[in-house]
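Asks: Contents are PDB, C-alpha atoms; file name run-v4.pdb:
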ATOM      1  CA  MET A   1      23.077 -13.892  33.830
ATOM      2  CA  ALA A   2      24.504 -12.624  30.523
ATOM      3  CA  ASN A   3      23.958 -16.042  28.962
ATOM      4  CA  HIS A   4      20.231 -15.747  29.643
ATOM      5  CA  ILE A   5      19.581 -12.347  28.049
ATOM      6  CA  VAL A   6      17.439 -12.325  24.897
ATOM      7  CA  HIS A   7      19.140 -10.384  22.098
ATOM      8  CA  ASP A   8      17.189 -11.702  19.116
ATOM      9  CA  ILE A   9      13.627 -10.672  18.197
ATOM     10  CA  ALA A  10      12.958 -13.989  16.483
ATOM     11  CA  ALA A  11      13.906 -15.857  19.654
ATOM     12  CA  LEU A  12      11.636 -13.602  21.683
ATOM     13  CA  GLU A  13       8.707 -14.184  19.336
ATOM     14  CA  ALA A  14       9.325 -17.934  19.404
ATOM     15  CA  LEU A  15       9.205 -17.872  23.208
ATOM     16  CA  TYR A  16       5.888 -16.022  23.411
ATOM     17  CA  GLY A  17       4.105 -17.278  20.296
ATOM     18  CA  GLN A  18       1.526 -15.440  18.218
ATOM     19  CA  PRO A  19      -0.642 -12.661  19.689
ATOM     20  CA  GLY A  20      -4.358 -13.322  20.013
ATOM     21  CA  GLU A  21      -6.881 -11.821  17.616
ATOM     22  CA  ALA A  22      -8.247  -9.365  20.183
ATOM     23  CA  SER A  23      -4.799  -7.899  20.838
ATOM     24  CA  LEU A  24      -4.452  -7.077  17.136
ATOM     25  CA  ILE A  25      -7.899  -5.792  16.184
ATOM     26  CA  LYS A  26      -8.103  -3.454  19.198
ATOM     27  CA  VAL A  27      -5.563  -0.986  17.765
ATOM     28  CA  ALA A  28      -7.016   2.132  16.122
ATOM     29  CA  ASP A  29      -5.210   5.083  14.559
ATOM     30  CA  GLN A  30      -7.650   7.566  16.056
ATOM     31  CA  LEU A  31     -10.235   7.773  18.809
ATOM     32  CA  THR A  32     -13.351   5.749  18.224
ATOM     33  CA  PRO A  33     -16.506   6.888  20.053
ATOM     34  CA  LEU A  34     -16.014   4.225  22.753
ATOM     35  CA  TYR A  35     -12.307   4.916  23.234
ATOM     36  CA  ALA A  36     -13.141   8.630  23.530
ATOM     37  CA  LYS A  37     -15.856   7.903  26.102
ATOM     38  CA  TRP A  38     -13.421   5.860  28.181
ATOM     39  CA  ILE A  39     -10.664   8.474  28.079
ATOM     40  CA  MET A  40     -13.083  11.264  29.007
ATOM     41  CA  ALA A  41     -13.976   9.287  32.143
ATOM     42  CA  SER A  42     -10.328   9.260  33.240
ATOM     43  CA  ARG A  43      -9.024  11.815  35.739
ATOM     44  CA  LEU A  44      -5.561  10.237  35.911
ATOM     45  CA  CYS A  45      -3.020   9.173  33.323
ATOM     46  CA  VAL A  46       0.648   8.249  33.270
ATOM     47  CA  VAL A  47       2.680  10.086  30.633
ATOM     48  CA  SER A  48       5.861   8.496  29.241
ATOM     49  CA  THR A  49       8.403  10.406  27.158
ATOM     50  CA  VAL A  50      11.965   9.973  25.936
ATOM     51  CA  GLY A  51      14.757  12.494  25.494
ATOM     52  CA  PRO A  52      18.523  12.973  25.457
ATOM     53  CA  GLU A  53      18.794  12.237  29.185
ATOM     54  CA  GLY A  54      16.705   9.056  28.952
ATOM     55  CA  THR A  55      13.102   8.150  29.660
ATOM     56  CA  ASP A  56      10.548   9.685  32.011
ATOM     57  CA  GLY A  57       7.206   8.614  33.422
ATOM     58  CA  SER A  58       4.944  11.151  35.108
ATOM     59  CA  PRO A  59       1.423  10.953  36.591
ATOM     60  CA  ARG A  60      -1.019  13.667  35.521
ATOM     61  CA  GLY A  61      -4.334  14.220  37.254
ATOM     62  CA  ASP A  62      -7.267  16.615  37.318
ATOM     63  CA  ASP A  63     -10.595  17.020  39.101
ATOM     64  CA  GLY A  64     -12.395  16.281  35.832
ATOM     65  CA  PRO A  65     -11.235  14.662  32.600
ATOM     66  CA  VAL A  66      -7.437  14.752  32.614
ATOM     67  CA  VAL A  67      -7.388  15.577  28.888
ATOM     68  CA  GLN A  68      -9.659  17.308  26.419
ATOM     69  CA  VAL A  69     -10.542  15.713  23.071
ATOM     70  CA  PRO A  70     -10.993  18.402  20.396
ATOM     71  CA  ASP A  71     -11.113  15.798  17.607
ATOM     72  CA  ALA A  72     -10.499  12.108  16.954
ATOM     73  CA  LYS A  73      -6.773  12.561  16.325
ATOM     74  CA  THR A  74      -5.902  14.995  19.120
ATOM     75  CA  LEU A  75      -5.627  15.100  22.907
ATOM     76  CA  LEU A  76      -4.956  18.239  24.949
ATOM     77  CA  LEU A  77      -3.164  17.799  28.280
ATOM     78  CA  PRO A  78      -2.743  20.902  30.492
ATOM     79  CA  ASP A  79       0.515  21.293  32.381
ATOM     80  CA  TRP A  80      -0.582  22.496  35.803
ATOM     81  CA  ARG A  81       1.787  23.774  38.461
ATOM     82  CA  GLY A  82       4.328  21.212  39.670
ATOM     83  CA  ASN A  83       7.891  21.122  40.928
ATOM     84  CA  ASN A  84       9.338  22.892  37.851
ATOM     85  CA  ARG A  85      11.637  20.000  36.951
ATOM     86  CA  ILE A  86       9.735  19.924  33.616
ATOM     87  CA  ASP A  87      11.295  16.571  32.689
ATOM     88  CA  THR A  88       8.314  15.654  30.518
ATOM     89  CA  LEU A  89       8.308  18.998  28.722
ATOM     90  CA  ARG A  90      12.070  18.922  28.141
ATOM     91  CA  ASN A  91      11.738  15.514  26.552
ATOM     92  CA  ILE A  92       8.839  16.560  24.323
ATOM     93  CA  VAL A  93      10.728  19.604  23.056
ATOM     94  CA  ALA A  94      13.704  17.373  22.213
ATOM     95  CA  ASP A  95      11.807  14.280  21.022
ATOM     96  CA  GLY A  96       8.060  14.411  20.471
ATOM     97  CA  ARG A  97       7.339  10.722  21.039
ATOM     98  CA  ILE A  98       4.835  10.192  23.840
ATOM     99  CA  SER A  99       2.737   7.452  25.414
ATOM    100  CA  LEU A 100      -0.177   7.843  27.807
ATOM    101  CA  MET A 101      -1.950   5.274  29.972
ATOM    102  CA  PHE A 102      -5.414   6.255  31.226
ATOM    103  CA  VAL A 103      -6.978   4.677  34.315
ATOM    104  CA  VAL A 104     -10.426   4.933  35.875
ATOM    105  CA  PRO A 105     -10.940   3.904  39.532
ATOM    106  CA  GLY A 106     -12.760   0.605  39.749
ATOM    107  CA  SER A 107     -11.886  -0.566  36.244
ATOM    108  CA  ASN A 108      -9.077  -3.079  35.779
ATOM    109  CA  ASN A 109      -8.750  -2.102  32.132
ATOM    110  CA  VAL A 110      -6.643   0.800  30.913
ATOM    111  CA  ILE A 111      -6.515   2.694  27.630
ATOM    112  CA  ARG A 112      -3.155   3.393  26.027
ATOM    113  CA  VAL A 113      -2.278   6.094  23.503
ATOM    114  CA  ASN A 114       0.954   6.426  21.519
ATOM    115  CA  GLY A 115       1.674   9.505  19.455
ATOM    116  CA  GLN A 116       3.623  12.688  18.875
ATOM    117  CA  ALA A 117       3.466  15.728  21.144
ATOM    118  CA  VAL A 118       4.354  19.409  21.142
ATOM    119  CA  VAL A 119       4.304  21.987  23.947
ATOM    120  CA  SER A 120       1.965  24.853  23.082
ATOM    121  CA  LEU A 121       1.574  28.336  24.592
ATOM    122  CA  ASP A 122      -1.407  29.206  22.371
ATOM    123  CA  PRO A 123      -3.649  31.535  24.436
ATOM    124  CA  ALA A 124      -6.753  29.875  22.992
ATOM    125  CA  LEU A 125      -5.616  26.496  24.283
ATOM    126  CA  LEU A 126      -4.700  27.889  27.698
ATOM    127  CA  ASP A 127      -8.158  29.490  27.909
ATOM    128  CA  ARG A 128      -9.798  26.076  27.421
ATOM    129  CA  PHE A 129      -8.480  25.003  30.831
ATOM    130  CA  ASP A 130      -9.189  28.183  32.777
ATOM    131  CA  GLN A 131      -9.941  27.436  36.442
ATOM    132  CA  LYS A 132     -11.362  30.586  38.041
ATOM    133  CA  GLY A 133      -8.753  32.740  36.359
ATOM    134  CA  ARG A 134      -5.896  30.275  36.748
ATOM    135  CA  GLN A 135      -4.458  28.650  33.665
ATOM    136  CA  PRO A 136      -1.808  26.028  32.963
ATOM    137  CA  ARG A 137       1.587  27.354  31.920
ATOM    138  CA  SER A 138       1.424  25.298  28.741
ATOM    139  CA  VAL A 139      -0.664  22.655  27.016
ATOM    140  CA  ILE A 140       0.719  19.409  25.635
ATOM    141  CA  VAL A 141      -0.893  18.746  22.256
ATOM    142  CA  ILE A 142      -0.817  15.046  21.358
ATOM    143  CA  THR A 143      -1.407  13.760  17.842
ATOM    144  CA  ILE A 144      -2.641  10.189  18.157
ATOM    145  CA  LYS A 145      -0.856   7.447  16.219
ATOM    146  CA  GLU A 146      -2.281   4.473  18.108
ATOM    147  CA  VAL A 147      -4.977   3.960  20.716
ATOM    148  CA  TYR A 148      -5.962   0.641  22.247
ATOM    149  CA  SER A 149      -7.206  -1.086  25.372
ATOM    150  CA  GLN A 150      -4.987  -3.026  27.748
ATOM    151  CA  CYS A 151      -6.346  -6.226  29.261
ATOM    152  CA  ALA A 152      -7.130  -6.339  32.969
ATOM    153  CA  ARG A 153      -4.643  -8.980  34.131
ATOM    154  CA  ALA A 154      -2.010  -6.653  35.613
ATOM    155  CA  LEU A 155      -4.419  -4.625  37.755
ATOM    156  CA  MET A 156      -6.276  -7.789  38.741
ATOM    157  CA  ARG A 157      -3.064  -9.467  39.907
ATOM    158  CA  ALA A 158      -2.157  -6.366  41.907
ATOM    159  CA  GLY A 159      -5.614  -6.062  43.477
ATOM    160  CA  THR A 160      -5.412  -2.386  42.593
ATOM    161  CA  TRP A 161      -8.970  -1.428  43.506
ATOM    162  CA  SER A 162      -9.776  -4.181  45.987
ATOM    163  CA  ALA A 163      -6.731  -4.430  48.276
ATOM    164  CA  GLY A 164      -7.644  -1.382  50.365
ATOM    165  CA  ASP A 165      -5.245   1.225  51.752
ATOM    166  CA  GLU A 166      -1.757  -0.286  51.998
ATOM    167  CA  SER A 167       0.083   3.011  52.489
ATOM    168  CA  GLY A 168       0.236   3.048  56.286
ATOM    169  CA  ASP A 169       3.882   2.001  56.645
ATOM    170  CA  LEU A 170       5.285   3.950  53.691
ATOM    171  CA  PRO A 171       7.974   6.597  54.261
ATOM    172  CA  THR A 172       6.872  10.202  53.775
ATOM    173  CA  ILE A 173       8.275  12.433  51.056
ATOM    174  CA  GLY A 174      10.007  14.473  53.735
ATOM    175  CA  GLU A 175      11.708  11.364  55.085
ATOM    176  CA  MET A 176      12.903  10.409  51.621
ATOM    177  CA  LEU A 177      14.232  13.920  51.001
ATOM    178  CA  ALA A 178      16.076  13.872  54.324
ATOM    179  CA  GLU A 179      17.610  10.551  53.295
ATOM    180  CA  GLN A 180      19.003  12.244  50.179
ATOM    181  CA  LYS A 181      20.401  15.379  51.837
ATOM    182  CA  ASP A 182      21.955  15.705  55.272
ATOM    183  CA  GLY A 183      20.373  18.462  57.315
ATOM    184  CA  PHE A 184      17.156  18.616  55.277
ATOM    185  CA  ASP A 185      14.187  19.119  57.603
ATOM    186  CA  GLY A 186      11.870  16.391  56.375
ATOM    187  CA  ALA A 187       9.416  16.787  59.245
ATOM    188  CA  GLU A 188       8.938  20.486  58.476
ATOM    189  CA  TYR A 189       8.478  19.704  54.783
ATOM    190  CA  ASP A 190       5.782  17.136  55.554
ATOM    191  CA  ALA A 191       4.022  19.407  58.041
ATOM    192  CA  ALA A 192       3.799  22.259  55.513
ATOM    193  CA  TRP A 193       2.864  20.103  52.539
ATOM    194  CA  GLY A 194      -0.915  20.245  52.950
ATOM    195  CA  THR A 195      -1.061  24.029  53.062
ATOM    196  CA  ARG A 196       1.476  24.379  50.256
ATOM    197  CA  ALA A 197      -0.378  21.934  48.019
ATOM    198  CA  ALA A 198      -3.739  23.621  48.593
ATOM    199  CA  LYS A 199      -2.333  26.994  47.526
ATOM    200  CA  THR A 200      -0.639  25.672  44.398
ATOM    201  CA  MET A 201      -3.054  22.975  43.190
ATOM    202  CA  TRP A 202      -3.477  24.727  39.874
TER     203      TRP A 202
END
Step by step, read the file and then write its structure as structure tokens.
Replies:
Amino acid sequence: MANHIVHDIAALEALYGQPGEASLIKVADQLTPLYAKWIMASRLCVVSTVGPEGTDGSPRGDDGPVVQVPDAKTLLLPDWRGNNRIDTLRNIVADGRISLMFVVPGSNNVIRVNGQAVVSLDPALLDRFDQKGRQPRSVIVITIKEVYSQCARALMRAGTWSAGDESGDLPTIGEMLAEQKDGFDGAEYDAAWGTRAAKTMW
């Protein structure tokens, strides 16, 4: 296997050839009106960060736009209640590089953003996301360096929006936790999850 690993960028570029025109002209250094419209339609994004312990990818979702767009160079992402691992936030504090991938149900295209992020506790920013008196603990402020569309091939190949529900035979979270720790009551965890999630959604 080691003999087949690519270590040279020139060899990699020779293998794949030149990128098409569309893949080059699509990149903007700030939100255009159409990129902003697309992102504001997204209620789900995947956030990727890097830090001393390695990389992290985390889904973020909301019941409306997952981010706010105060201006063409900035995205605001609230950090709602989770499991308190704060892997994403730890990474941002240590290394501000961030990437986001926005999806919209039914569309096979995605929008990608690369930039720099900070974790803010500014009361004015927290107030922007107030949900009936509940606020995020912090807001991730992203300064956009690049924004561009991703072609539809990957989601089309996967049948993401057309394959139907394929989750019937998947293990539950409780089962996976019980696999990791002897004596953990996975069934109880699963049974209580719905009530627990409803109380801590925000």
Asks: So, with all atoms listed in the file as the atoms that count, which of A:Ala28, A:Ser58, A:Gly106, A:Ile98 lies closest to Gly164 of chain A?
Replies: A:Gly106
Asks: To test your reading of the syntax: which residues would the PyMOL selection byres ((chain A and resi 129) around 12) return for the file shown? Reply as a PyMOL selection string.
Replies: chain A and resi 62-68+76-80+122-128+130-140+202
Asks: Can you write just those residues out, C-alpha atoms, as a PDB file, in the frame of the given file?
Replies:
ATOM      1  CA  ASP A  62      -7.267  16.615  37.318  1.00  0.00           C
ATOM      2  CA  ASP A  63     -10.595  17.020  39.101  1.00  0.00           C
ATOM      3  CA  GLY A  64     -12.395  16.281  35.832  1.00  0.00           C
ATOM      4  CA  PRO A  65     -11.235  14.662  32.600  1.00  0.00           C
ATOM      5  CA  VAL A  66      -7.437  14.752  32.614  1.00  0.00           C
ATOM      6  CA  VAL A  67      -7.388  15.577  28.888  1.00  0.00           C
ATOM      7  CA  GLN A  68      -9.659  17.308  26.419  1.00  0.00           C
ATOM      8  CA  LEU A  76      -4.956  18.239  24.949  1.00  0.00           C
ATOM      9  CA  LEU A  77      -3.164  17.799  28.280  1.00  0.00           C
ATOM     10  CA  PRO A  78      -2.743  20.902  30.492  1.00  0.00           C
ATOM     11  CA  ASP A  79       0.515  21.293  32.381  1.00  0.00           C
ATOM     12  CA  TRP A  80      -0.582  22.496  35.803  1.00  0.00           C
ATOM     13  CA  ASP A 122      -1.407  29.206  22.371  1.00  0.00           C
ATOM     14  CA  PRO A 123      -3.649  31.535  24.436  1.00  0.00           C
ATOM     15  CA  ALA A 124      -6.753  29.875  22.992  1.00  0.00           C
ATOM     16  CA  LEU A 125      -5.616  26.496  24.283  1.00  0.00           C
ATOM     17  CA  LEU A 126      -4.700  27.889  27.698  1.00  0.00           C
ATOM     18  CA  ASP A 127      -8.158  29.490  27.909  1.00  0.00           C
ATOM     19  CA  ARG A 128      -9.798  26.076  27.421  1.00  0.00           C
ATOM     20  CA  ASP A 130      -9.189  28.183  32.777  1.00  0.00           C
ATOM     21  CA  GLN A 131      -9.941  27.436  36.442  1.00  0.00           C
ATOM     22  CA  LYS A 132     -11.362  30.586  38.041  1.00  0.00           C
ATOM     23  CA  GLY A 133      -8.753  32.740  36.359  1.00  0.00           C
ATOM     24  CA  ARG A 134      -5.896  30.275  36.748  1.00  0.00           C
ATOM     25  CA  GLN A 135      -4.458  28.650  33.665  1.00  0.00           C
ATOM     26  CA  PRO A 136      -1.808  26.028  32.963  1.00  0.00           C
ATOM     27  CA  ARG A 137       1.587  27.354  31.920  1.00  0.00           C
ATOM     28  CA  SER A 138       1.424  25.298  28.741  1.00  0.00           C
ATOM     29  CA  VAL A 139      -0.664  22.655  27.016  1.00  0.00           C
ATOM     30  CA  ILE A 140       0.719  19.409  25.635  1.00  0.00           C
ATOM     31  CA  TRP A 202      -3.477  24.727  39.874  1.00  0.00           C
TER      32      TRP A 202
END
Asks: Name the residues, using the chain letters and numbers of the file, that sit within 10 Å of (-7.0, 4.4, 35.9) when counting only C-alpha atoms, and give them as a PyMOL selection string.
Replies: chain A and resi 39+41-46+101-111+155+160-161
Asks: Can I get the selection written as a PDB file, keeping the file's coordinate frame, with C-alpha atoms?
Replies:
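Full text of out-v4.pdb as output:
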ATOM      1  CA  ILE A  39     -10.664   8.474  28.079  1.00  0.00           C
ATOM      2  CA  ALA A  41     -13.976   9.287  32.143  1.00  0.00           C
ATOM      3  CA  SER A  42     -10.328   9.260  33.240  1.00  0.00           C
ATOM      4  CA  ARG A  43      -9.024  11.815  35.739  1.00  0.00           C
ATOM      5  CA  LEU A  44      -5.561  10.237  35.911  1.00  0.00           C
ATOM      6  CA  CYS A  45      -3.020   9.173  33.323  1.00  0.00           C
ATOM      7  CA  VAL A  46       0.648   8.249  33.270  1.00  0.00           C
ATOM      8  CA  MET A 101      -1.950   5.274  29.972  1.00  0.00           C
ATOM      9  CA  PHE A 102      -5.414   6.255  31.226  1.00  0.00           C
ATOM     10  CA  VAL A 103      -6.978   4.677  34.315  1.00  0.00           C
ATOM     11  CA  VAL A 104     -10.426   4.933  35.875  1.00  0.00           C
ATOM     12  CA  PRO A 105     -10.940   3.904  39.532  1.00  0.00           C
ATOM     13  CA  GLY A 106     -12.760   0.605  39.749  1.00  0.00           C
ATOM     14  CA  SER A 107     -11.886  -0.566  36.244  1.00  0.00           C
ATOM     15  CA  ASN A 108      -9.077  -3.079  35.779  1.00  0.00           C
ATOM     16  CA  ASN A 109      -8.750  -2.102  32.132  1.00  0.00           C
ATOM     17  CA  VAL A 110      -6.643   0.800  30.913  1.00  0.00           C
ATOM     18  CA  ILE A 111      -6.515   2.694  27.630  1.00  0.00           C
ATOM     19  CA  LEU A 155      -4.419  -4.625  37.755  1.00  0.00           C
ATOM     20  CA  THR A 160      -5.412  -2.386  42.593  1.00  0.00           C
ATOM     21  CA  TRP A 161      -8.970  -1.428  43.506  1.00  0.00           C
TER      22      TRP A 161
END
Asks: Could you give me, as a PyMOL selection string, the residues within 10 Å of Gly96 of chain A, counting all atoms listed in the file and dropping anything in the same chain fewer than 4 positions from it?
Replies: chain A and resi 49-51+89-92+115-119+142-143
Asks: So what do you get for atom CA of Pro70 of chain A versus atom CA of Val141 of chain A, distance-wise?
Replies: 10.3 Å
Asks: Applying 12 Å and all atoms listed in the file, which residues near Leu24 of chain A remain after dropping the ones on its own chain fewer than 2 positions away? List them as a list in words.
Replies: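 Within the cut-off, the hits are Gln18, Pro19, Gly20, Glu21, Ala22, Lys26, Val27, Ala28, Glu146, Val147, Tyr148, Ser149 and Gln150 of chain A.
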Asks: What box, with edges along x, y and z, holds each listed atom of segment 103-107 of chain A when 3 Å is added on every side, and can you state its centre and edge lengths in Å to one decimal, as AutoDock Vina command-line options?
Replies:
--center_x -9.9 --center_y 2.2 --center_z 37.0 --size_x 11.8 --size_y 11.5 --size_z 11.4
Asks: Assuming the chain letters and numbering stay as they are in my file, what does the PyMOL selection byres ((chain A and resi 72) around 9) actually select? List them as a list in words.
Replies: Gln30, Leu31, Thr32, Pro33, Ala36, Val69, Pro70, Asp71, Lys73, Thr74, Leu75 and Ile144 of chain A
